[in-house]
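Peer 1: Sending over work39.cif (mmCIF, C-alpha atoms).
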```
data_entry
loop_
_atom_site.group_PDB
_atom_site.id
_atom_site.type_symbol
_atom_site.label_atom_id
_atom_site.label_comp_id
_atom_site.auth_asym_id
_atom_site.auth_seq_id
_atom_site.Cartn_x
_atom_site.Cartn_y
_atom_site.Cartn_z
ATOM 1 C CA MET A 19 5.649 3.206 13.792
ATOM 2 C CA PHE A 20 6.900 3.150 10.174
ATOM 3 C CA TYR A 21 5.373 5.683 7.789
ATOM 4 C CA LEU A 22 5.744 5.934 4.027
ATOM 5 C CA SER A 23 5.921 9.288 2.294
ATOM 6 C CA THR A 24 3.135 10.102 -0.145
ATOM 7 C CA ASN A 25 5.686 9.866 -2.944
ATOM 8 C CA SER A 26 6.546 6.300 -1.922
ATOM 9 C CA LYS A 27 2.874 5.354 -1.638
ATOM 10 C CA ILE A 28 2.204 6.643 -5.161
ATOM 11 C CA PHE A 29 5.225 4.743 -6.502
ATOM 12 C CA ILE A 30 3.935 1.483 -5.006
ATOM 13 C CA ALA A 31 0.374 2.218 -6.159
ATOM 14 C CA ASN A 32 1.670 2.795 -9.685
ATOM 15 C CA ILE A 33 3.194 -0.688 -9.808
ATOM 16 C CA ILE A 34 0.064 -2.340 -8.404
ATOM 17 C CA SER A 35 -2.139 -0.394 -10.814
ATOM 18 C CA LYS A 36 -0.139 -1.517 -13.846
ATOM 19 C CA ILE A 37 -0.317 -5.178 -12.742
ATOM 20 C CA LEU A 38 -4.082 -5.037 -12.137
ATOM 21 C CA ILE A 39 -4.783 -3.251 -15.430
ATOM 22 C CA LEU A 40 -2.655 -5.823 -17.261
ATOM 23 C CA PHE A 41 -4.941 -8.601 -16.001
ATOM 24 C CA LEU A 42 -8.275 -6.790 -15.590
ATOM 25 C CA GLY A 43 -8.129 -4.090 -18.257
ATOM 26 C CA HIS A 44 -8.262 -0.324 -17.844
ATOM 27 C CA LYS A 45 -12.026 0.171 -18.116
ATOM 28 C CA LYS A 46 -13.929 1.760 -15.261
ATOM 29 C CA ARG A 47 -15.821 -0.788 -13.209
ATOM 30 C CA ILE A 48 -18.404 -0.920 -10.447
ATOM 31 C CA ILE A 49 -17.282 -2.760 -7.344
ATOM 32 C CA SER A 50 -18.766 -3.450 -3.921
ATOM 33 C CA ARG A 51 -16.795 -3.024 -0.728
ATOM 34 C CA ASN A 52 -18.476 -3.597 2.654
ATOM 35 C CA ASN A 53 -21.835 -3.519 0.844
ATOM 36 C CA ILE A 54 -21.104 -0.090 -0.650
ATOM 37 C CA LYS A 55 -20.892 0.324 -4.418
ATOM 38 C CA TYR A 56 -18.306 2.489 -6.156
ATOM 39 C CA GLU A 57 -17.442 3.211 -9.756
ATOM 40 C CA ILE A 58 -13.660 3.098 -9.824
ATOM 41 C CA ASP A 59 -10.802 3.789 -12.217
ATOM 42 C CA LEU A 60 -7.671 1.747 -11.530
ATOM 43 C CA ASN A 61 -5.586 4.590 -12.946
ATOM 44 C CA GLU A 62 -6.537 6.752 -9.922
ATOM 45 C CA ALA A 63 -4.785 6.168 -6.580
ATOM 46 C CA ILE A 64 -7.851 6.906 -4.424
ATOM 47 C CA ASP A 65 -9.971 4.511 -6.506
ATOM 48 C CA LEU A 66 -7.227 1.895 -6.324
ATOM 49 C CA GLY A 67 -7.180 2.222 -2.543
ATOM 50 C CA ILE A 68 -10.923 1.521 -2.442
ATOM 51 C CA PHE A 69 -10.488 -1.459 -4.772
ATOM 52 C CA LEU A 70 -7.763 -2.916 -2.524
ATOM 53 C CA GLY A 71 -9.591 -2.078 0.692
ATOM 54 C CA ILE A 72 -6.705 0.144 1.820
ATOM 55 C CA LYS A 73 -7.667 3.303 3.684
ATOM 56 C CA ASN A 74 -5.319 5.668 5.487
ATOM 57 C CA GLU A 75 -8.273 6.843 7.568
ATOM 58 C CA ARG A 76 -9.370 3.431 8.848
ATOM 59 C CA LYS A 77 -9.098 4.530 12.490
ATOM 60 C CA LEU A 78 -11.471 7.413 11.835
ATOM 61 C CA TYR A 79 -14.363 4.996 12.290
ATOM 62 C CA LYS A 80 -13.395 4.575 15.942
ATOM 63 C CA ILE A 81 -15.572 7.637 16.488
ATOM 64 C CA LYS A 82 -18.413 5.168 17.063
ATOM 65 C CA SER A 83 -16.872 4.793 20.564
ATOM 66 C CA PHE A 84 -17.626 8.467 21.126
ATOM 67 C CA LEU A 85 -20.766 8.942 19.012
ATOM 68 C CA SER A 86 -23.397 6.230 19.287
ATOM 69 C CA THR A 87 -24.558 4.793 15.972
ATOM 70 C CA LYS A 88 -28.011 4.451 17.548
ATOM 71 C CA ASN A 89 -28.457 8.219 17.723
ATOM 72 C CA LYS A 90 -28.992 10.853 15.048
ATOM 73 C CA HIS A 91 -25.928 12.985 14.348
ATOM 74 C CA VAL A 92 -24.700 15.467 11.785
ATOM 75 C CA LEU A 93 -21.306 14.429 10.424
ATOM 76 C CA VAL A 94 -19.324 16.656 8.064
ATOM 77 C CA ASP A 95 -16.812 15.432 5.467
ATOM 78 C CA ILE A 96 -14.715 18.320 4.076
ATOM 79 C CA GLY A 97 -12.613 17.305 1.090
ATOM 80 C CA SER A 98 -14.775 14.262 0.434
ATOM 81 C CA ASN A 99 -13.321 13.574 -3.030
ATOM 82 C CA ILE A 100 -15.167 10.530 -4.486
ATOM 83 C CA GLY A 101 -16.857 9.444 -1.251
ATOM 84 C CA SER A 102 -14.404 6.984 0.285
ATOM 85 C CA ILE A 103 -15.300 8.342 3.743
ATOM 86 C CA THR A 104 -18.713 9.914 3.117
ATOM 87 C CA LEU A 105 -20.312 6.615 2.081
ATOM 88 C CA PRO A 106 -18.892 4.427 4.895
ATOM 89 C CA LEU A 107 -19.898 7.096 7.432
ATOM 90 C CA ALA A 108 -23.443 7.091 6.063
ATOM 91 C CA LYS A 109 -23.563 3.305 6.302
ATOM 92 C CA LEU A 110 -22.085 3.116 9.804
ATOM 93 C CA PHE A 111 -24.233 5.947 11.208
ATOM 94 C CA ASN A 112 -27.451 4.816 9.561
ATOM 95 C CA LEU A 113 -29.671 7.341 11.353
ATOM 96 C CA SER A 114 -27.413 10.328 10.765
ATOM 97 C CA THR A 115 -27.043 13.086 8.188
ATOM 98 C CA ILE A 116 -23.750 13.388 6.310
ATOM 99 C CA ILE A 117 -22.669 16.767 4.911
ATOM 100 C CA SER A 118 -20.253 15.977 2.088
ATOM 101 C CA ILE A 119 -18.190 18.867 0.692
ATOM 102 C CA GLU A 120 -15.961 18.634 -2.406
ATOM 103 C CA PRO A 121 -14.743 21.726 -4.295
ATOM 104 C CA THR A 122 -13.520 20.194 -7.582
ATOM 105 C CA ASN A 123 -15.850 19.325 -10.442
ATOM 106 C CA PHE A 124 -13.762 16.240 -11.271
ATOM 107 C CA ALA A 125 -14.164 14.554 -7.896
ATOM 108 C CA PHE A 126 -17.668 15.903 -7.244
ATOM 109 C CA LEU A 127 -19.075 14.232 -10.374
ATOM 110 C CA LYS A 128 -17.547 10.933 -9.273
ATOM 111 C CA LEU A 129 -18.945 11.477 -5.780
ATOM 112 C CA LYS A 130 -22.449 12.013 -7.197
ATOM 113 C CA LYS A 131 -22.185 8.838 -9.287
ATOM 114 C CA ASN A 132 -21.055 6.781 -6.303
ATOM 115 C CA LEU A 133 -23.877 8.138 -4.174
ATOM 116 C CA LYS A 134 -26.418 7.261 -6.867
ATOM 117 C CA LEU A 135 -25.140 3.687 -6.768
ATOM 118 C CA ASN A 136 -26.195 3.517 -3.090
ATOM 119 C CA PRO A 137 -29.849 4.668 -2.943
ATOM 120 C CA LYS A 138 -30.275 3.554 0.679
ATOM 121 C CA LEU A 139 -27.565 6.019 1.706
ATOM 122 C CA GLU A 140 -28.417 8.779 -0.770
ATOM 123 C CA LYS A 141 -31.326 10.315 1.108
ATOM 124 C CA ARG A 142 -29.154 11.033 4.178
ATOM 125 C CA VAL A 143 -26.166 12.551 2.353
ATOM 126 C CA LYS A 144 -26.202 16.217 1.385
ATOM 127 C CA LEU A 145 -23.649 17.136 -1.299
ATOM 128 C CA PHE A 146 -21.999 20.546 -1.688
ATOM 129 C CA ASN A 147 -19.718 21.423 -4.605
ATOM 130 C CA ILE A 148 -18.023 24.370 -2.880
ATOM 131 C CA PHE A 149 -14.666 25.524 -1.574
ATOM 132 C CA VAL A 150 -14.594 26.144 2.192
ATOM 133 C CA SER A 151 -12.432 29.065 3.310
ATOM 134 C CA ASP A 152 -12.274 32.189 5.438
ATOM 135 C CA GLN A 153 -11.052 34.066 2.357
ATOM 136 C CA ARG A 154 -13.521 35.338 -0.235
ATOM 137 C CA LYS A 155 -11.207 35.085 -3.217
ATOM 138 C CA LYS A 156 -12.136 32.460 -5.794
ATOM 139 C CA VAL A 157 -9.864 29.437 -5.958
ATOM 140 C CA GLU A 158 -9.592 28.169 -9.539
ATOM 141 C CA PHE A 159 -7.857 24.826 -8.969
ATOM 142 C CA VAL A 160 -7.442 22.323 -6.136
ATOM 143 C CA HIS A 161 -5.557 19.025 -6.005
ATOM 144 C CA SER A 162 -8.124 16.229 -6.177
ATOM 145 C CA SER A 163 -6.720 13.607 -8.573
ATOM 146 C CA TRP A 164 -3.824 11.277 -7.832
ATOM 147 C CA SER A 165 -3.564 9.931 -11.361
ATOM 148 C CA LEU A 166 -1.278 6.960 -11.925
ATOM 149 C CA LYS A 167 -1.508 7.472 -15.663
ATOM 150 C CA THR A 168 -0.028 10.941 -16.176
ATOM 151 C CA LYS A 169 2.611 13.113 -14.516
ATOM 152 C CA GLU A 170 1.214 16.442 -15.739
ATOM 153 C CA ASN A 171 0.382 19.236 -13.253
ATOM 154 C CA ARG A 172 1.465 17.163 -10.268
ATOM 155 C CA HIS A 173 2.326 18.641 -6.895
ATOM 156 C CA LYS A 174 6.059 18.317 -6.272
ATOM 157 C CA VAL A 175 5.610 16.395 -3.003
ATOM 158 C CA HIS A 176 2.204 14.729 -2.678
ATOM 159 C CA LEU A 177 1.870 14.315 -6.488
ATOM 160 C CA GLY A 178 -1.786 15.341 -6.642
ATOM 161 C CA ALA A 179 -3.051 16.823 -9.920
ATOM 162 C CA LEU A 180 -4.906 20.141 -10.033
ATOM 163 C CA LYS A 181 -8.570 20.110 -11.059
ATOM 164 C CA LYS A 182 -11.001 22.964 -11.642
ATOM 165 C CA THR A 183 -13.298 24.007 -8.812
ATOM 166 C CA SER A 184 -16.923 25.132 -8.965
ATOM 167 C CA HIS A 185 -15.764 28.722 -8.176
ATOM 168 C CA LYS A 186 -18.180 28.756 -5.220
ATOM 169 C CA THR A 187 -16.725 29.725 -1.839
ATOM 170 C CA LYS A 188 -18.375 29.755 1.586
ATOM 171 C CA THR A 189 -17.204 29.802 5.167
ATOM 172 C CA LEU A 190 -17.873 26.649 7.137
ATOM 173 C CA THR A 191 -19.982 28.627 9.590
ATOM 174 C CA GLU A 192 -22.178 29.994 6.771
ATOM 175 C CA LEU A 193 -22.738 26.561 5.320
ATOM 176 C CA LEU A 194 -23.427 24.705 8.552
ATOM 177 C CA ASN A 195 -25.655 27.435 9.990
ATOM 178 C CA LYS A 196 -28.022 26.743 7.088
ATOM 179 C CA ILE A 197 -28.205 23.095 8.141
ATOM 180 C CA GLY A 198 -29.748 24.317 11.378
ATOM 181 C CA LYS A 199 -28.677 21.337 13.483
ATOM 182 C CA LYS A 200 -25.998 20.518 16.040
ATOM 183 C CA ILE A 201 -22.739 19.460 14.397
ATOM 184 C CA ASP A 202 -21.192 16.396 16.046
ATOM 185 C CA PHE A 203 -18.189 15.527 13.891
ATOM 186 C CA ILE A 204 -16.020 17.153 11.212
ATOM 187 C CA LYS A 205 -13.419 15.433 9.042
ATOM 188 C CA ILE A 206 -10.961 17.717 7.218
ATOM 189 C CA ASP A 207 -8.642 16.605 4.411
ATOM 190 C CA VAL A 208 -7.854 19.662 2.311
ATOM 191 C CA ASP A 209 -4.146 19.429 1.421
ATOM 192 C CA GLY A 210 -2.854 22.582 3.065
ATOM 193 C CA TYR A 211 -6.016 24.654 3.469
ATOM 194 C CA GLU A 212 -6.607 23.361 7.006
ATOM 195 C CA ILE A 213 -6.171 26.687 8.755
ATOM 196 C CA ASN A 214 -8.514 28.428 6.307
ATOM 197 C CA VAL A 215 -11.211 25.818 6.907
ATOM 198 C CA LEU A 216 -10.837 25.997 10.685
ATOM 199 C CA ARG A 217 -10.826 29.799 10.736
ATOM 200 C CA SER A 218 -13.923 29.855 8.538
ATOM 201 C CA GLY A 219 -15.695 27.566 10.998
ATOM 202 C CA LYS A 220 -14.511 29.152 14.238
ATOM 203 C CA LYS A 221 -17.992 30.286 15.312
ATOM 204 C CA ILE A 222 -19.761 27.016 14.558
ATOM 205 C CA ILE A 223 -16.932 24.959 16.093
ATOM 206 C CA LYS A 224 -16.960 26.997 19.308
ATOM 207 C CA LYS A 225 -20.751 26.726 19.433
ATOM 208 C CA TYR A 226 -21.064 22.934 19.080
ATOM 209 C CA LYS A 227 -17.564 21.686 20.028
ATOM 210 C CA PRO A 228 -17.615 18.799 17.524
ATOM 211 C CA LEU A 229 -14.993 16.083 17.453
ATOM 212 C CA ILE A 230 -12.630 16.834 14.546
ATOM 213 C CA TYR A 231 -10.457 14.465 12.508
ATOM 214 C CA PHE A 232 -7.871 16.035 10.243
ATOM 215 C CA GLU A 233 -4.725 15.454 8.247
ATOM 216 C CA PHE A 234 -1.727 17.237 9.777
ATOM 217 C CA ALA A 235 0.711 17.989 6.933
ATOM 218 C CA PRO A 236 3.318 20.625 7.938
ATOM 219 C CA TYR A 237 5.229 20.268 4.649
ATOM 220 C CA LEU A 238 2.306 21.916 2.830
ATOM 221 C CA TYR A 239 1.725 24.927 5.020
ATOM 222 C CA LYS A 240 4.597 27.141 3.856
ATOM 223 C CA GLU A 241 3.211 27.348 0.312
ATOM 224 C CA PHE A 242 -0.093 28.517 1.813
ATOM 225 C CA GLY A 243 1.561 31.264 3.842
ATOM 226 C CA TYR A 244 1.584 29.816 7.360
ATOM 227 C CA SER A 245 3.389 27.263 9.528
ATOM 228 C CA SER A 246 2.526 24.285 11.693
ATOM 229 C CA GLU A 247 3.211 26.478 14.748
ATOM 230 C CA ILE A 248 0.549 28.968 13.606
ATOM 231 C CA LEU A 249 -1.957 26.160 13.012
ATOM 232 C CA ILE A 250 -1.232 24.503 16.355
ATOM 233 C CA ASP A 251 -1.538 27.832 18.182
ATOM 234 C CA PHE A 252 -4.889 28.533 16.509
ATOM 235 C CA ILE A 253 -6.229 25.100 17.457
ATOM 236 C CA LYS A 254 -5.040 25.322 21.057
ATOM 237 C CA GLN A 255 -5.561 28.999 21.831
ATOM 238 C CA GLU A 256 -8.427 30.128 19.594
ATOM 239 C CA LEU A 257 -10.502 26.952 19.432
ATOM 240 C CA LYS A 258 -9.435 25.595 22.851
ATOM 241 C CA TYR A 259 -8.945 22.155 21.321
ATOM 242 C CA THR A 260 -6.509 19.387 22.226
ATOM 243 C CA PHE A 261 -4.697 16.973 19.901
ATOM 244 C CA LEU A 262 -5.414 13.242 20.228
ATOM 245 C CA ASN A 263 -3.755 10.437 18.304
ATOM 246 C CA GLU A 264 -5.850 7.853 16.459
ATOM 247 C CA ASN A 265 -6.119 5.790 19.657
ATOM 248 C CA PHE A 266 -7.648 8.791 21.450
ATOM 249 C CA ASP A 267 -4.551 9.385 23.601
ATOM 250 C CA GLU A 268 -3.684 13.012 24.289
ATOM 251 C CA VAL A 269 -0.726 14.263 22.251
ATOM 252 C CA LYS A 270 1.392 16.676 24.282
ATOM 253 C CA ASN A 271 4.366 16.986 21.913
ATOM 254 C CA ILE A 272 2.577 18.036 18.732
ATOM 255 C CA ASP A 273 5.130 20.820 18.044
ATOM 256 C CA GLU A 274 7.952 18.287 18.099
ATOM 257 C CA ILE A 275 6.017 15.903 15.841
ATOM 258 C CA GLY A 276 5.390 18.698 13.360
ATOM 259 C CA LYS A 277 9.110 19.400 13.042
ATOM 260 C CA LYS A 278 9.950 15.752 12.310
ATOM 261 C CA LEU A 279 7.313 14.909 9.697
ATOM 262 C CA ASN A 280 9.232 16.304 6.706
ATOM 263 C CA ASP A 281 7.237 15.299 3.592
ATOM 264 C CA ARG A 282 4.737 13.108 5.427
ATOM 265 C CA SER A 283 1.368 13.695 7.031
ATOM 266 C CA VAL A 284 -0.327 12.166 10.073
ATOM 267 C CA ASN A 285 -3.989 12.045 11.025
ATOM 268 C CA PHE A 286 -5.121 13.354 14.407
ATOM 269 C CA PHE A 287 -8.350 13.778 16.299
ATOM 270 C CA LEU A 288 -9.073 17.142 17.891
ATOM 271 C CA THR A 289 -11.390 17.534 20.858
ATOM 272 C CA HIS A 290 -12.462 20.544 22.875
ATOM 273 C CA LYS A 291 -10.742 20.655 26.262
ATOM 274 C CA THR A 292 -14.068 20.273 28.051
ATOM 275 C CA ASN A 293 -14.597 16.905 26.322
ATOM 276 C CA LEU A 294 -11.122 15.514 26.978
ATOM 277 C CA SER A 295 -12.183 13.433 29.979
ATOM 278 C CA LYS A 296 -14.607 11.452 27.776
ATOM 279 C CA PHE A 297 -11.675 9.867 25.970
ATOM 280 C CA LYS A 298 -9.753 8.691 29.036
ATOM 281 C CA ASN A 299 -11.355 5.248 29.099
ATOM 282 C CA LEU A 300 -11.891 4.692 25.379
#
```
Would you write the structure of this file as structure tokens?
Peer 2:
Amino acid sequence: MFYLSTNSKIFIANIISKILILFLGHKKRIISRNNIKYEIDLNEAIDLGIFLGIKNERKLYKIKSFLSTKNKHVLVDIGSNIGSITLPLAKLFNLSTIISIEPTNFAFLKLKKNLKLNPKLEKRVKLFNIFVSDQRKKVEFVHSSWSLKTKENRHKVHLGALKKTSHKTKTLTELLNKIGKKIDFIKIDVDGYEINVLRSGKKIIKKYKPLIYFEFAPYLYKEFGYSSEILIDFIKQELKYTFLNENFDEVKNIDEIGKKLNDRSVNFFLTHKTNLSKFKNL
């Protein structure tokens, strides 16, 4: 399968953005996609992706093969940004509760606006403007904007721009224990903080064994003080989880994949070893 680097994706998005703004103007606009409303800015790559109907996480919604949409679940979206996954999850699982977590004020305000535009979904989505980590130190800035308008403060590889956080930090276990319900699914997209999120949720993950969907991005881990080998070992040995690709096939060569990704990322499902047999016929 052919994969583009994030840098290449942003380059292409920049061209498309300029063409659309030339014809449509640069003003923010409210659009509807799959009967979900969003306020979008064509100068932002995530917003542009929603406008074009392009989602890197499209296969995430295959979880309906594992979790029935007719039942009540608790689904957790960590790194929810402006709601491109939170809102579709709430629509697809229309009896379920969505826990939507975004640490930056920039994206969280946009998330709140988008949720307000969808009152039928709003009552089942709980928003948290916090940073999830096993470390108590306050994190001032997190990448949450992929602006196509400016090149300031961009990450050298994925080109995300730093935005201020709420300065609130909790462990995942602390947060989800307060929900007081079984956790069925967790999506994690946190640009390098994956191991901190997983460590902070070790107790709650081992308790409920939720299906997990996360972005595997080895090129980011060195700047956060760990490696893909450390992350893989934690997932396999500490959590007792197994890697699955987006078609729910078991991935047995994850170490090899990690070494070949370079400046790219790939999405994987993670399932507890005791649940592996449930995916054999999916």
Peer 1: Quick one: apply the PyMOL selection byres ((chain A and resi 289) around 9) to the file and drop the selected residues here as a PyMOL selection string.
Peer 2: chain A and resi 227-231+258-262+287-288+290-294
Peer 1: Given the file shown, enumerate the residues that the PyMOL selection byres ((chain A and resi 125-128) around 8) captures and present them as a PyMOL selection string.
Peer 2: chain A and resi 57+99-100+120-124+129-132+147+162-163
Peer 1: Choose the residue, out of A:Phe232, A:Trp164, A:Tyr56, A:Phe297, that has the smallest atom-to-atom separation from Gly97 of chain A; count all atoms listed in the file.
Peer 2: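 Of A:Phe232, A:Trp164, A:Tyr56, A:Phe297, the one nearest Gly97 of chain A, counting all atoms listed in the file, is A:Phe232.
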Peer 1: Which residues are close to Ile275 of chain A, i.e. within 12 Å by all atoms listed in the file, leaving aside same-chain residues fewer than 4 positions away? Reply as a PyMOL selection string.
Peer 2: chain A and resi 234-236+246-247+250+261+263+269-271+279-280+282-286
Peer 1: Could you check how far atom CA of Lys277 of chain A sits from atom CA of Leu78 of chain A, in Å to one decimal?
Peer 2: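 Between these atoms lies a distance of 23.8 Å.
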Peer 1: Rounded to one decimal place, report the atom CA of Asp59 of chain A-atom CA of Lys46 of chain A distance in Å.
Peer 2: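 Going from atom CA of Asp59 of chain A over to atom CA of Lys46 of chain A covers 4.8 Å.
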